[in-house]
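To start, the structure itself, in structure tokens.
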Amino acid sequence: MKILIDKAMPHAHEIFSDIATVILKDGRSINSQDLIDIDALLIRSVTLVNSNLLKDANKLKFVGTATAGFDHIDRELLKSKNIEFTSAPGNNRESVGDYILSTLLTLISRFNIKIKDKTLAIVGCGNTGSQTEQRAKALGFNIYKYDPPKKDLGDVSCHDDFKRVLDADIISLHVPLIKDGPYKTYHMFTLDELKLLKKDCILINASRGDVIDNDALLYFIENINKDFKVWLDVFENEPHLKNRKLLNYLQGHTAHIAGYSYESKLKATLMLYDALAKYFNIDKKPLLKNLKKEVLSVTLDKDSVIDLNLITRLVYLVYDVNYDVNLFKHTCIDGQSFDYLRKNYRERHELSTLLIKGITNKNDRNLLKELGFDVE
């Protein structure tokens, strides 16, 4: 069996070479000729799986994407060709939760936000939204939850309506890109919605770029609310940003890396291995060596006060989002450099890799766990 794999997937050769011949290639460069005599294709979001890509795929039986979303996949086409498909839902939930937490702490410090008086609306309450909720609640925010599909399936926790979202102090977006139908998210925020937001509202998007109309956003900031605060990890028309002028007005901008922790990518690779092994009836478990961490543990004094200042320093010890903001600011000049930032992303780790020792107070221990840390 031959497997073609996006080389950005960590440990891919180590994990799959025991069961197949592995070919690694840059995901955006994969073309139809590469799929000749290939049995399985494993990709990330930069590879578009469509009729053009599959025209020479004479043996392809399995396609997997190491991402939670799959709007880059023509699933109907795969179904028509009887090609098995799988994704990796939930692989990046902790990574995105950590990213939003680091972003919130940055904004809280920058604008002296009084958390107990603020509402945070979570739009999309799935894997990444639930992790954001957990961390934001731990900080002390009042939470609104908006997720029509979940509400319609009976999830009573997602009872807030869109009017309440528009009235929130901070809005964090965690939805898939859906272009039509009753649960459409494409251009969920146009000029009309932006006009209804509070003047000092903060809008954060770590989901899909097309959820916000970027042209409308730029017009809104330049002509209606020059003080509007926006933080974007995703943009329309990535990697070639639709309107680079928008960058001048953002509080923070990163190259679609919210879910790009080392652990999230490794989890996705392992999820694809399990799905592929099940489909091809392979009874082997991958053997992994040299898994990486950075700061292994921190011991706090028994009298330490677990306040916002200490929480911020602990979060930044593992992941300071401002590093990625500054990297984007100084190196992202075009689509090629946007792609470069993603393909060559440093091995950022999740908060769960840091073991915090020395905490005896039960409430403090629970707080740090809710924020994502491992606590002894």
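In the structure tokens, chains take letters A, B, ... by order of appearance, with residues numbered from 1 within each chain and ligands from 1 in the order shown.
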Residues near segment 362-372 of chain A, cut-off 6 Å, only C-alpha atoms, skip fewer than 5 positions along chain, as a PDB file with N, CA, C and O atoms, in the first residue's frame:
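As a result, around-v7.pdb now contains:
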ATOM      1  N   ARG A 135     -12.374  28.027  29.637  1.00  0.00           N
ATOM      2  CA  ARG A 135     -11.320  28.933  30.067  1.00  0.00           C
ATOM      3  C   ARG A 135     -11.871  30.317  30.424  1.00  0.00           C
ATOM      4  O   ARG A 135     -11.443  30.941  31.397  1.00  0.00           O
ATOM      5  N   LEU A 351      -1.099  24.067  27.025  1.00  0.00           N
ATOM      6  CA  LEU A 351      -0.981  24.316  28.456  1.00  0.00           C
ATOM      7  C   LEU A 351      -0.972  23.016  29.251  1.00  0.00           C
ATOM      8  O   LEU A 351      -0.366  22.940  30.329  1.00  0.00           O
ATOM      9  N   SER A 352      -1.621  21.988  28.728  1.00  0.00           N
ATOM     10  CA  SER A 352      -1.695  20.709  29.440  1.00  0.00           C
ATOM     11  C   SER A 352      -0.341  20.033  29.576  1.00  0.00           C
ATOM     12  O   SER A 352      -0.192  19.100  30.377  1.00  0.00           O
TER      13      SER A 352
END
Quiz prompt | Nearby residues (only C-alpha atoms) at most 8 Å from Ile73 of chain A, same-chain spacing under 2 positions excluded, as a PyMOL selection string | solution = chain A and resi 48-50+70-71+75
Exercise. Determine which residues of segment 130-364 of chain A DSSP labels as strand (DSSP E or B) from the backbone of this structure, then write them out as a PyMOL selection string.
Key: chain A and resi 142-146+159+170-173+189+202-205+212+229-232+252-253+297-299+355-357
Practice problem: For each of A:Thr47, A:Thr65, A:Ser109, A:Thr353, take the minimum atom-to-atom distance to Phe85 of chain A, counting only C-alpha atoms, then give the residue where this is smallest. | Solution: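 With only C-alpha atoms as the atom set, the closest residue is A:Thr65.
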Exercise. Extract, using only C-alpha atoms, all DNA, RNA and protein residues at most 12 Å from Arg244 of chain A, discarding same-chain residues fewer than 2 positions from it, and format them as a ChimeraX atom specification.
Key: /A:214-215,218,235-242,246-250,253,329,332-335,338
Practice problem: Mind checking which residues fall within 9 Å of Val96 of chain A, counting only C-alpha atoms, ignoring those fewer than 6 positions away in the same chain, and posting them as number ranges by chain? | Solution: A: 128-129, 131-132, 206, 257-261
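Closest to Phe141 of chain A among A:Arg110, A:Leu104, A:Asp192, A:Leu153 is A:Leu104, based on only C-alpha atoms.
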Quiz prompt | Point-to-point distance in Å for atom CA of Asp155 of chain A and atom CA of Glu94 of chain A | solution =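 About the pair atom CA of Glu94 of chain A and atom CA of Asp155 of chain A: they are 21.7 Å apart.
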Practice problem: Considering only C-alpha atoms, return as a PyMOL selection string whatever protein or nucleic-acid residues lie within 7 Å of Val211 of chain A, sequence-local ones (same chain, fewer than 4 positions apart) excluded. | Solution: chain A and resi 177+185-189
Take the residues that were just selected and, keeping N, CA, C and O atoms, output them as a JSON list (two decimals), in the first residue's frame.
[["chain", "number", "residue", "atom", "x", "y", "z"],
["A", 177, "LEU", "N", -17.42, 26.68, 8.27],
["A", 177, "LEU", "CA", -17.89, 27.49, 7.14],
["A", 177, "LEU", "C", -19.01, 26.75, 6.43],
["A", 177, "LEU", "O", -18.80, 25.68, 5.85],
["A", 185, "THR", "N", -23.15, 30.11, 7.78],
["A", 185, "THR", "CA", -22.20, 30.94, 8.54],
["A", 185, "THR", "C", -21.38, 31.85, 7.63],
["A", 185, "THR", "O", -20.69, 32.74, 8.12],
["A", 186, "TYR", "N", -21.44, 31.61, 6.33],
["A", 186, "TYR", "CA", -20.73, 32.50, 5.39],
["A", 186, "TYR", "C", -21.24, 33.94, 5.55],
["A", 186, "TYR", "O", -22.43, 34.19, 5.51],
["A", 187, "HIS", "N", -20.31, 34.87, 5.80],
["A", 187, "HIS", "CA", -20.65, 36.28, 6.03],
["A", 187, "HIS", "C", -21.74, 36.43, 7.11],
["A", 187, "HIS", "O", -22.68, 37.20, 6.97],
["A", 188, "MET", "N", -21.55, 35.70, 8.18],
["A", 188, "MET", "CA", -22.42, 35.85, 9.34],
["A", 188, "MET", "C", -22.38, 37.28, 9.87],
["A", 188, "MET", "O", -23.36, 37.81, 10.37],
["A", 189, "PHE", "N", -21.19, 37.89, 9.72],
["A", 189, "PHE", "CA", -21.02, 39.29, 10.12],
["A", 189, "PHE", "C", -20.76, 40.15, 8.88],
["A", 189, "PHE", "O", -19.68, 40.10, 8.30]]
Practice problem: Would you work out the distance separating atom CA of Arg208 of chain A from atom CA of Ile171 of chain A, expressed in Å to one decimal? | Solution: 14.4 Å
Exercise. Skip Leu35 of chain A itself and residues of its chain fewer than 3 positions away, then list as a PyMOL selection string all residues within 10 Å of it, counting only C-alpha atoms.
Key: chain A and resi 2-4+30-32+38-41+53-60
Practice problem: Take atom CA of Val325 of chain A and atom CA of Asn344 of chain A and report the distance between them in Å, one decimal. | Solution: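 Interatomic distance here is 15.2 Å.
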Practice problem: Apply DSSP to the structure's backbone, then extract all residues of segment 123-331 of chain A labelled alpha helix (DSSP H) and return them as a VMD selection string. | Solution: chain A and resid 127 to 139 148 to 152 162 to 166 191 to 195 214 to 223 262 to 279 308 to 318 321 to 331
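When only C-alpha atoms are used to compute distances to Lys267 of chain A, the closest of the residues A:Leu24, A:Val315, A:Val46, A:Ala88 turns out to be A:Ala88.
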Quiz prompt | From A:Asn92, A:Thr269, A:Thr312, A:Thr331, residue lying nearest Ala12 of chain A [only C-alpha atoms] | solution = A:Thr269
Quiz item: Pick the closest to Phe62 of chain A from A:Leu105, A:Ala275, A:Val22, A:Leu287: which is it, counting only C-alpha atoms?
Solution: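 Smallest distance to Phe62 of chain A is found for A:Ala275.
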